[in-house]
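Student: Supplied in structure tokens, the structure appears directly below.
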Amino acid sequence: MITPSQTVGPFFGYALPYAEGQHVVPPWQADAVLLYGRVVDGAGDPVPDAIVEIAQAGADGRPPAEVGALRRAGNGFSGFGRSATDGEGGYWFTTVKPGGTNPYIAMLVFARGLLKPVATRVYFPEDAVVDPLLRTLEPERRSTLIAVRDERGYRFDIHLQGARETVFLAF
């Protein structure tokens with residue numbers, strides 16, 4: 001007999017964040033961009049105790065060359081980041097736009113009420129037209145996967161439920 005998953009916690013605030021976890025690249029790097037947003041529930045209220053993780057290829061389209069994404073050396077590209085949300089559900093990363101044939105950032109969201117994390121992707125508006133997954137979605141659903149460029153960087157809000165629910169992927 002298979003035992004079902006159980007929700008325990010949330011323990012995210014002290015168990016998973018680590019120093020420099022939001023810096024996939026250092027903020028001073030020439031091609032660094034800010035990826036930020038909020039995690040909200042079905043009512044549009046912030047989820048202040050979620051964790052957002054990203055994994056991606058570098059600007060050259062390749063995964064990081066160095067082993068040990070949890071050990072930040074203050075320079076270079078790690079390919080992985082983790083951000084706890086703040087009281088308003090906000091998260092942020094300094095990263096680079098991924099290049100090559102995978103023009104997206106893979107994202108996992110861990111939050112209260114979820115037995116397992118949900119997976120999604122973040123596309124940059126300049127690169128979204130080339131992805132085959134996006135072409136399979138209705139235009140209004142497709143827009144939930146595309147970050148919005150603004151004066152700060154790229155904003156990507158994650159709606160866990162509701163009319164504006166982010167598209168989540170099953171693997």
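Convention: chains lettered A, B, ... in structure tokens order; per-chain residue numbering from 1; ligands numbered from 1 as shown.
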Would you kindly return, as an MDAnalysis selection string, each protein, DNA or RNA residue with an atom no farther than 12 Å from any atom of Gly61 (chain A), considering only C-alpha atoms and excluding same-chain residues fewer than 4 positions away?

Tutor: chainID A and resid 56:57 65 77 79 96:105

Student: Which residues in region 42-141 of chain A does DSSP call helix (DSSP H, G or I)? List them as a list in words.

Tutor: Ala128, Val129, Val130, Pro132, Leu133, Leu134, Arg135, Pro139, Glu140 and Arg141 of chain A

Student: Selected residues, N, CA and C atoms, written as a compact mmCIF listing (two decimals), in the first residue's frame, please.

Tutor:
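Output below, filename out13.txt:
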```
# COMPACT_ATOMS: atom_id res chain seq x y z
N ALA A 128 9.82 34.59 -26.01
CA ALA A 128 8.68 33.70 -25.83
C ALA A 128 8.15 33.11 -27.13
N VAL A 129 8.33 33.76 -28.24
CA VAL A 129 7.73 33.29 -29.49
C VAL A 129 8.38 32.02 -30.03
N VAL A 130 9.56 31.68 -29.58
CA VAL A 130 10.27 30.54 -30.14
C VAL A 130 10.02 29.22 -29.42
N PRO A 132 8.14 25.86 -28.19
CA PRO A 132 7.03 25.00 -28.62
C PRO A 132 5.95 24.83 -27.55
N LEU A 133 6.32 24.80 -26.26
CA LEU A 133 5.31 24.66 -25.21
C LEU A 133 4.33 25.83 -25.24
N LEU A 134 4.84 27.02 -25.36
CA LEU A 134 3.97 28.19 -25.36
C LEU A 134 2.98 28.17 -26.52
N ARG A 135 3.40 27.64 -27.65
CA ARG A 135 2.50 27.59 -28.81
C ARG A 135 1.32 26.65 -28.60
N PRO A 139 -3.80 31.88 -25.82
CA PRO A 139 -3.09 33.14 -25.55
C PRO A 139 -3.25 33.66 -24.12
N GLU A 140 -4.45 33.57 -23.54
CA GLU A 140 -4.63 34.08 -22.18
C GLU A 140 -3.90 33.23 -21.14
N ARG A 141 -3.76 31.94 -21.40
CA ARG A 141 -3.01 31.07 -20.49
C ARG A 141 -1.50 31.24 -20.73
```

Student: Go through A:Arg164, A:Arg155, A:His23, A:Arg112 one by one, measure the shortest atom-to-atom distance of each to Arg142 (chain A) using only C-alpha atoms, and give the residue with the smallest value.

Tutor: A:Arg164

Student: May I ask for the distance between CA of Val25 (chain A) and CA of Pro63 (chain A), given in Å to one decimal place?

Tutor: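 Distance reported for this atom pair: 13.0 Å.
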
Student: Which of these, A:Asp86, A:Thr144, A:Leu35, A:Ala55, has the shortest distance to Ala163 (chain A) once you count only C-alpha atoms?

Tutor: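 So, comparing all the options, the nearest one is A:Thr144.
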
Student: What are the nearest atom pairs, with distances in Å to one decimal, for all residues of region 30-107 of chain A that come at most 10 Å from region 159-162 of chain A, using only C-alpha atoms, set out by chain and rising residue number as JSON lines?

Tutor:
```
{"residue": "A:Arg38", "atom": "CA", "partner": "A:His159", "partner_atom": "CA", "distance": 8.3}
{"residue": "A:Val39", "atom": "CA", "partner": "A:His159", "partner_atom": "CA", "distance": 6.1}
{"residue": "A:Val40", "atom": "CA", "partner": "A:His159", "partner_atom": "CA", "distance": 5.1}
{"residue": "A:Asp41", "atom": "CA", "partner": "A:Leu160", "partner_atom": "CA", "distance": 5.2}
{"residue": "A:Gly42", "atom": "CA", "partner": "A:Gln161", "partner_atom": "CA", "distance": 4.2}
{"residue": "A:Ala43", "atom": "CA", "partner": "A:Gly162", "partner_atom": "CA", "distance": 7.0}
{"residue": "A:Gly44", "atom": "CA", "partner": "A:His159", "partner_atom": "CA", "distance": 7.5}
{"residue": "A:Asp45", "atom": "CA", "partner": "A:His159", "partner_atom": "CA", "distance": 9.6}
{"residue": "A:Pro46", "atom": "CA", "partner": "A:His159", "partner_atom": "CA", "distance": 9.5}
{"residue": "A:Val47", "atom": "CA", "partner": "A:Leu160", "partner_atom": "CA", "distance": 9.4}
```

Student: Now that the selection is made, can you save its residues with N, CA, C and O atoms as a PDB file, in the first residue's frame?

Tutor:
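The result, written out as selection-v3.pdb:
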```
ATOM      1  N   ARG A  38       5.600  38.238  -7.007  1.00  0.00           N
ATOM      2  CA  ARG A  38       4.882  37.854  -5.786  1.00  0.00           C
ATOM      3  C   ARG A  38       4.241  36.495  -5.984  1.00  0.00           C
ATOM      4  O   ARG A  38       3.848  36.141  -7.100  1.00  0.00           O
ATOM      5  N   VAL A  39       4.095  35.760  -4.886  1.00  0.00           N
ATOM      6  CA  VAL A  39       3.318  34.523  -4.865  1.00  0.00           C
ATOM      7  C   VAL A  39       2.019  34.859  -4.158  1.00  0.00           C
ATOM      8  O   VAL A  39       2.037  35.362  -3.024  1.00  0.00           O
ATOM      9  N   VAL A  40       0.894  34.627  -4.844  1.00  0.00           N
ATOM     10  CA  VAL A  40      -0.411  34.942  -4.270  1.00  0.00           C
ATOM     11  C   VAL A  40      -1.331  33.726  -4.352  1.00  0.00           C
ATOM     12  O   VAL A  40      -1.168  32.862  -5.214  1.00  0.00           O
ATOM     13  N   ASP A  41      -2.312  33.694  -3.452  1.00  0.00           N
ATOM     14  CA  ASP A  41      -3.277  32.599  -3.436  1.00  0.00           C
ATOM     15  C   ASP A  41      -4.457  32.930  -4.353  1.00  0.00           C
ATOM     16  O   ASP A  41      -4.454  33.931  -5.067  1.00  0.00           O
ATOM     17  N   GLY A  42      -5.479  32.095  -4.318  1.00  0.00           N
ATOM     18  CA  GLY A  42      -6.631  32.262  -5.193  1.00  0.00           C
ATOM     19  C   GLY A  42      -7.402  33.548  -4.987  1.00  0.00           C
ATOM     20  O   GLY A  42      -8.044  34.052  -5.905  1.00  0.00           O
ATOM     21  N   ALA A  43      -7.334  34.098  -3.781  1.00  0.00           N
ATOM     22  CA  ALA A  43      -8.015  35.360  -3.479  1.00  0.00           C
ATOM     23  C   ALA A  43      -7.133  36.576  -3.796  1.00  0.00           C
ATOM     24  O   ALA A  43      -7.558  37.709  -3.605  1.00  0.00           O
ATOM     25  N   GLY A  44      -5.912  36.326  -4.246  1.00  0.00           N
ATOM     26  CA  GLY A  44      -4.985  37.421  -4.522  1.00  0.00           C
ATOM     27  C   GLY A  44      -4.204  37.879  -3.315  1.00  0.00           C
ATOM     28  O   GLY A  44      -3.480  38.871  -3.375  1.00  0.00           O
ATOM     29  N   ASP A  45      -4.336  37.148  -2.198  1.00  0.00           N
ATOM     30  CA  ASP A  45      -3.599  37.495  -0.984  1.00  0.00           C
ATOM     31  C   ASP A  45      -2.178  36.935  -1.059  1.00  0.00           C
ATOM     32  O   ASP A  45      -1.957  35.849  -1.610  1.00  0.00           O
ATOM     33  N   PRO A  46      -1.203  37.635  -0.474  1.00  0.00           N
ATOM     34  CA  PRO A  46       0.175  37.165  -0.529  1.00  0.00           C
ATOM     35  C   PRO A  46       0.364  35.865   0.249  1.00  0.00           C
ATOM     36  O   PRO A  46      -0.324  35.613   1.242  1.00  0.00           O
ATOM     37  N   VAL A  47       1.308  35.063  -0.210  1.00  0.00           N
ATOM     38  CA  VAL A  47       1.719  33.854   0.499  1.00  0.00           C
ATOM     39  C   VAL A  47       3.086  34.177   1.095  1.00  0.00           C
ATOM     40  O   VAL A  47       4.101  34.121   0.399  1.00  0.00           O
TER      41      VAL A  47
END
```

Student: Just checking: using only C-alpha atoms, which residue out of A:Asp60, A:Glu53, A:Asp131, A:Glu20 ends up closest to Pro117 (chain A)?

Tutor: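 Nearest candidate to Pro117 (chain A) out of A:Asp60, A:Glu53, A:Asp131, A:Glu20: A:Glu53.
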
Student: Quote the spacing between CA of Val167 (chain A) and CA of Phe93 (chain A) in Å to one decimal place.

Tutor: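 CA of Val167 (chain A) sits 20.5 Å away from CA of Phe93 (chain A).
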
Student: Would you mind listing what lies within 9 Å of Ala50 (chain A) as JSON, numbers by chain, with only C-alpha atoms counted and same-chain residues fewer than 2 positions away left out?

Tutor: {"A": [10, 12, 13, 39, 47, 48, 52, 83, 84, 85, 86, 89, 109, 110, 111, 112]}

Student: Pick from A:Ser78, A:Gly21, A:Asp150, A:Phe168: nearest to Ala106 (chain A), with only C-alpha atoms counted?

Tutor: A:Phe168
